[in-house]
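K.L.:
Below: one structure in structure tokens.
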Amino acid sequence: MAPTILTPAENRFLQLSYPALSLPELTRLMPRLREHPTVKTTSDFLTRGAKQDLTANRIEWLVAASAAWKLLARLPYKINTSEQRRDWRHCALCHLPVRYEYHVVLRLNGREIVVGSECVKKFMSDEMQYLMTITTENNFHAVAQYDTLTAKYPQVPDILWTKDALPHLSQPQRHEQTRVRRGTQATVTGYLKRRTTVLPEPQLAPDLQAYTRLQKLDRAAQQRQLARQQTQVAQTQRATEQAQQRAWQVATQTKETAQLQLRQSTEYQRWLAQVAALMVERLTLREFKTQLATLDVPQAVTRLVNAYQLGVMATEFTRQGQIKAQRLQIVPRDLVADLDQRTRALAVQRQRDWNDDVFNATLGSDLTPVQRVSRLTALQHIWEGRQIPAAIYEELAHFKATVTRPVSVPVDWPEPLRRAFQQRLARQPADQWVPAKKNHVTPQQLRQLGRQSADWPTIKTAFQRLYALPAPEEAVTLSALEQYYLRQRDRRRQQATQTQRLLQSLLEEK
């Protein structure tokens, strides 16, 4: 047989007591309990969670319900004079006929019910059972006298029946509390066992005064405990905040260190240069993503930015000439700043190179008309070239054939192009046209120089005619270019091995 969670008598007791109870969990269950007197573990009218709530709270609800009732002062009990059970009234809880009727009333609204002695013992509070015993054995008017006494001294029920009263007292003070309860109970019991209208005030006074003093001690102890708890909570909170702050600082420092190491790494700098080189091409978004997919991305970078975000930044640079990525707050600001700085610097360099190339194709190089047109056409098709009206290129193709010194740049040319030409014309010698010297050189350009002539002086002269680098950089570049020229010459003459062997012997220390 399935275990019973709630018996019919318990169910009816909760239903009768329900108006005086403020229990949200019981409120939710009450409609079902009214429909089903018995609740078993197998009952399917309640959910598993509802049955768990009922099992866990049943005792607590019954105890709360027992405190909601009291004996009826004007008629606490009655004995049925009939010997026939059919003439007896039925208990409101167990529904059995009872000869000894105990009349109890709900404190909240005064509702009266009849309860048998066994149900009184089973469901009612210790206070009611105490009064029931005195009423039936000693004094029928004990309940009325008790009501009169507690109306004047409301602390008496707390002293006698509240088990967890004054919970903050120390152990010695608890002994005194026990003495006060015993003394009060002896006084009240003596008062209730005989009919009287005189309250036992002299006998109660010492215990009530002691209880009042214990109440003050309990409140003081409670306040001290609360202060300690607040202090402990504050200390715990401060310790937690400090630990969180330290953890945050460690995490921030670790993150900053990792970001710094990443930004200083060769792989990151190479990737940054490659992405910047793509962005300055001002490709369409599809072309940009296609080219981007061919790049090797460092593993640490893949956790910081993705292709979509880079596409947004590339579009922003094409439209505005800079990268802020304000829409992409999750992308690290350092990465955005690095990419913006690198891309803008590369764009400036590309524009200067384009200006140099246009000037050299127009005036600074000895080209045939066909070569000049071919060179200008190639420059026209890159992004910087598309910013210049097409009609200007026809003028540039014939400019050298028609220009006279001092040179006057046409006023209808775009202002950036006019300014670039004027800057380069200002550095031209008076008797000839020379190329505008570039301020940087690539390995590919150096290889082309090394292949143009059979002797080093000619190569060096060509380099100095085309490029103007800072002195330290130019010295390193010329040294590397000369070594490249010599190795290429040795390779052509098939004497690289002998040269390397002799060089090795020269470098050996004695």
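Residue numbering restarts at 1 for every chain of the structure tokens, chains are lettered A, B, ... in their displayed order, and ligands are numbered from 1 as they appear.
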Excluding Arg99 of chain A and any residue of its chain fewer than 5 positions from it, enumerate the residues within 10 Å of it, using only C-alpha atoms, and give them as a list in words.
P.N.:
Lys78, Ile79, Asn80, Thr81, Ser82, Glu83, Gln84, Arg85, Asp87, Trp88, Arg89, His90, Cys91, Gly116 and Ser117 of chain A
K.L.:
For C-alpha atoms, I'd like the residues from the last selection saved as a short mmCIF file (atom, residue, chain, number, x, y, z; two decimals), in the first residue's frame.
P.N.:
data_model
loop_
_atom_site.label_atom_id
_atom_site.label_comp_id
_atom_site.auth_asym_id
_atom_site.auth_seq_id
_atom_site.Cartn_x
_atom_site.Cartn_y
_atom_site.Cartn_z
CA LYS A 78 -19.70 19.32 27.01
CA ILE A 79 -20.57 15.70 27.85
CA ASN A 80 -23.44 14.20 25.87
CA THR A 81 -25.91 12.63 28.31
CA SER A 82 -27.24 10.08 25.80
CA GLU A 83 -25.93 6.55 25.86
CA GLN A 84 -26.73 6.09 22.15
CA ARG A 85 -23.89 6.85 19.75
CA ASP A 87 -27.24 10.93 19.35
CA TRP A 88 -23.63 12.06 19.67
CA ARG A 89 -22.15 14.89 17.60
CA HIS A 90 -19.33 14.15 15.18
CA CYS A 91 -15.76 15.46 15.45
CA GLY A 116 -13.07 15.01 20.16
CA SER A 117 -10.55 14.57 22.95
#
K.L.:
From segment 3-233 of chain A, collect each residue whose DSSP state is alpha helix (DSSP H) and return the set as a PyMOL selection string.
P.N.:
chain A and resi 8-17+24-35+48-66+117-123+126-137+142-152+155-161+171-192+201-233
K.L.:
Within 9 Å of segment 182-188 of chain A, counting only C-alpha atoms, which residues qualify if same-chain residues fewer than 4 places away don't, as a ChimeraX atom specification?
P.N.:
/A:146,149,156,159-160,177-178,192-193,200,203-204,207-208
K.L.:
I'd like the interatomic distance between atom CA of Asp431 of chain A and atom CA of Leu469 of chain A, to a tenth of an Å.
P.N.:
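Rounded to one decimal, the two atoms are 24.3 Å apart.
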K.L.:
Excluding same-chain residues fewer than 5 positions from segment 301-311 of chain A, what lies within 9 Å of it counting only C-alpha atoms, as a list in words?
P.N.:
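Skipping anything fewer than 5 positions along the chain leaves Leu262, Tyr268, Val275, Leu285, Arg286, Phe288, Lys289, Leu292, Ala293, Glu316, Ala325, Leu328, Ile330, Val331, Pro332 and Leu335 of chain A.
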K.L.:
Using only C-alpha atoms for the distances, tell me which of A:Asp366, A:Gln237, A:Ala462, A:Ala347 is nearest to Leu481 of chain A.
P.N.:
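Nearest candidate to Leu481 of chain A out of A:Asp366, A:Gln237, A:Ala462, A:Ala347: A:Ala462.
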K.L.:
So what do you get for atom CA of Thr55 of chain A versus atom CA of Pro3 of chain A, distance-wise?
P.N.:
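Atom CA of Pro3 of chain A lies 11.3 Å from atom CA of Thr55 of chain A.
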